[in-house]
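Okay, structure first, notes after.
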Amino acid sequence: MFALAANGKEKEAREQIQVTLQARQAALSTAVSRLLIQNNEGEEQATAEIRKIYDRVQRQLYLFLGAALLVIVLTSLYLIQANKKIFAQLEALSAQRSELAQKLISTQESTLRHLSRELHDEFGQVLTAIGSLLSRAGKKMPDDTVLREDLKEVQEITHPR
């Protein structure tokens, strides 16, 4: 080509360069096209893989959220049942406490009645005994003495009518 150009045949040298360059250009264009196609196919494959990954992650996220929601619901139901049991036990204990309080009051009243009867009976017996002793002592005293009058007065106090 340089020899043709040096001999004054520039047009022929240019045509040869053009033919050579056109062949190389066609080969380069084919190679670039092939590389672009491969690049596009690679991008499509990568996009498909990324889409699959996102779909898997989304499914796993939905499964996780569903499982978490299920756990929350089950835990809530368990807590509600446990609270119901506790409140039922609390109500039963409250009823028992009320019943025991009534029994305690009844027992206290019964004990107090019994004690008051015992005290009344014992005090009555003591007063009766004192009255009998005063009566005997008064019979042994002379009739007109002040002491006999005092004994009679105390005897009337011990035997109210």
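Chain lettering (A, B, ...) mirrors the order of the structure tokens, residue numbering begins at 1 for each chain separately, and ligand numbering begins at 1 in order of display.
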When you look at Thr128 (chain A) with a cut-off of 9 Å (counting only C-alpha atoms), what residues show up, excluding the ones that are within fewer than 5 positions of it in the same chain? I need them as a VMD selection string. chain A and resid 123 133 158 to 159
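Going from CA of Lys140 (chain A) over to CA of Glu156 (chain A), you cover 17.4 Å.
Compared by their closest atoms to Gln16 (chain A), and using only C-alpha atoms, the residues A:Leu119, A:Ala3, A:Leu100, A:Leu134 rank with A:Ala3 nearest.
Rounded to one decimal, CA of Ile130 (chain A) and CA of Glu149 (chain A) lie 15.9 Å from each other.
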